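Scroll down for the structure; my scribbles are underneath it.
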Amino acid sequence: MNNLNEPDLPLALTPVVTVPMPGGVVTAEAQPEALAHDAMPSRFCCFVTGTDTEIGKTLVSSAILYKLAHSGRRACGMKPVAAGATMVDGELRNEDADMLRAAGNVHLPSSITTPFMLKEPAAPHIAAALEGVTIEAVPILAAFTEIQAASDAVVVEGVGGFRVPFNDDFDSADLAAQLNLPVVLVVGLRLGCISHALLTVEAIVARGLVLAGWVANTVDPDMRFEAENIEALEQRIPAPLLGHVPRLTEPTAAAAAEFIDLAGLPGWHSPRL
């Protein structure tokens, strides 16, 4: 499969984006921040994975989207599979998916940005089985193509750790390989994180994916020797440390963005970052 992070550069930005969908056309309004500067913005896409669940993938993904939106690009987040959705105003909603949506500035229907929205807060293959759903690659890849057509930048957040199963023959690592995007790894800083991180790095590299960088995120504020753990990881992970997000009183995209430097990532070119 061709690298989806290397399409032709988009045309000049427009305030309104239309996306053809079955039964009609979806309109996505770009916020003022997304209007073009004199220079054409570059394409940016990445896949964010983590060493485990609940270690800050959504926070880091949202921070990346926040920086993209404030650099003048049409930025959209994607959470292909979300387990733990609740009904709000007649629509299934998920906190992680909502946080990504709020951080970006291209807003598409949740059926596109989260093709598999599952109610049970469990491993995706279990939640899907309970609803009689089979999580497959084709709907996700089709939705990703729709998002790329409407955006200059896409941040795809994985589910749990890197090897979370979706069905008997398909897992999160398979999805990352099919999307073939540069990977950003979020390392949750807590006891045991070094082994988890290095095993995840091995799995990413084994699939021929580019590990573009990693972010340290403090999960356990009482962790001893935190700095020493980060230093050990820097020596062993063959990718740059993009930042260390401390335990935040208010874990918002804007707050986390202050601790992340993404200037070295592929396609990340903006004087405003």
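If you're wondering about the labels, chains in the structure tokens are A, B, ... by order shown, residues count from 1 in each chain, ligands from 1 in order shown.
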Excluding same-chain residues fewer than 6 positions from A:Phe259, what lies within 10 Å of it counting only C-alpha atoms, as a list in words?
->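 In the requested format, the answer is Val60, Ala63, Val215, Ala216, Asn217, Leu242, Gly243, His244, Val245 and Pro246 of chain A.
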Among stretch 59-206 of chain A, which ones does DSSP place in strand (DSSP E), written as a PyMOL selection string?
-> chain A and resi 75-78+81-83+86-88+91-93+116-118+153-157+165-167+170-171+183-189
Deliver the residues from the most recent selection as a file, using C-alpha atoms, as a PDB file, in the first residue's frame.
```
ATOM      1  CA  ALA A  75      -6.899  19.678  11.077  1.00  0.00           C
ATOM      2  CA  CYS A  76      -9.114  16.706  11.840  1.00  0.00           C
ATOM      3  CA  GLY A  77      -8.770  13.949  14.395  1.00  0.00           C
ATOM      4  CA  MET A  78      -9.819  10.361  13.836  1.00  0.00           C
ATOM      5  CA  VAL A  81     -12.581   2.526  17.032  1.00  0.00           C
ATOM      6  CA  ALA A  82     -13.987   3.846  20.307  1.00  0.00           C
ATOM      7  CA  ALA A  83     -15.358   1.604  23.048  1.00  0.00           C
ATOM      8  CA  THR A  86     -23.029   6.768  25.656  1.00  0.00           C
ATOM      9  CA  MET A  87     -26.157   8.167  24.086  1.00  0.00           C
ATOM     10  CA  VAL A  88     -26.276  11.979  24.131  1.00  0.00           C
ATOM     11  CA  GLU A  91     -26.329  10.188  19.229  1.00  0.00           C
ATOM     12  CA  LEU A  92     -23.614   7.862  20.505  1.00  0.00           C
ATOM     13  CA  ARG A  93     -20.748   9.911  21.921  1.00  0.00           C
ATOM     14  CA  PHE A 116     -16.852   1.979  14.926  1.00  0.00           C
ATOM     15  CA  MET A 117     -18.519   3.584  17.952  1.00  0.00           C
ATOM     16  CA  LEU A 118     -19.173   0.879  20.559  1.00  0.00           C
ATOM     17  CA  ALA A 153      -3.746  17.303   8.465  1.00  0.00           C
ATOM     18  CA  VAL A 154      -5.075  14.155  10.086  1.00  0.00           C
ATOM     19  CA  VAL A 155      -4.204  12.705  13.476  1.00  0.00           C
ATOM     20  CA  VAL A 156      -5.350   9.106  13.884  1.00  0.00           C
ATOM     21  CA  GLU A 157      -5.497   7.852  17.455  1.00  0.00           C
ATOM     22  CA  PRO A 165      -7.385  -7.010  18.878  1.00  0.00           C
ATOM     23  CA  PHE A 166     -10.308  -5.884  16.731  1.00  0.00           C
ATOM     24  CA  ASN A 167     -11.374  -9.334  15.574  1.00  0.00           C
ATOM     25  CA  PHE A 170      -7.198  -7.941  12.661  1.00  0.00           C
ATOM     26  CA  ASP A 171      -5.735  -5.730  15.378  1.00  0.00           C
ATOM     27  CA  VAL A 183       3.871   6.753  14.314  1.00  0.00           C
ATOM     28  CA  VAL A 184       4.026   8.865  17.462  1.00  0.00           C
ATOM     29  CA  LEU A 185       4.359   6.736  20.600  1.00  0.00           C
ATOM     30  CA  VAL A 186       2.971   7.945  23.927  1.00  0.00           C
ATOM     31  CA  VAL A 187       4.824   6.426  26.867  1.00  0.00           C
ATOM     32  CA  GLY A 188       2.877   6.487  30.108  1.00  0.00           C
ATOM     33  CA  LEU A 189       5.409   7.165  32.856  1.00  0.00           C
TER      34      LEU A 189
END
```
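Proximity ranking of A:Glu228, A:Lys119, A:Glu136, A:Ser61 relative to A:Leu100 places A:Ser61 first, based on only C-alpha atoms.
The smallest atom-to-atom distance between A:Phe44 and any of A:Val201, A:Leu265, A:Cys193, A:Ala173, using only C-alpha atoms, is found for A:Leu265.
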For each of A:Leu248, A:Arg190, A:Ala254, A:Ala149, take the minimum atom-to-atom distance to A:Ile230, counting only C-alpha atoms, then give the residue where this is smallest.
->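 The closest residue to A:Ile230 is A:Arg190.
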Quick one: DSSP alpha helix (DSSP H) residues in stretch 58-212 of chain A, as a ChimeraX atom specification?
-> /A:58-69,95-103,110-113,124-130,137-150,172-179,193-206
Figure out the distance between atom CA of A:Thr114 and atom CA of A:Ala129, please, to one decimal in Å.
-> 17.4 Å
Given the choices A:Ile112, A:Ile126, A:Val219, A:Ala256, which gets closest to A:Ala143 if the distance is worked out from only C-alpha atoms?
->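 Using only C-alpha atoms, A:Ala143 sits closest to A:Ile112.
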Would you mind listing what lies within 10 Å of A:Ser172 as a PyMOL selection string, with only C-alpha atoms counted and same-chain residues fewer than 5 positions away left out?
-> chain A and resi 49+80-81+124+137+158-167+177-178
Long-range neighbours of A:Ala232 as number ranges by chain, 9 Å cut-off, only C-alpha atoms, 5 positions minimum in chain | A: 194, 227, 237
Top pick for closest residue to A:Arg43, considering A:His107, A:Ala102, A:His70, A:Gln148 and counting only C-alpha atoms = A:Gln148
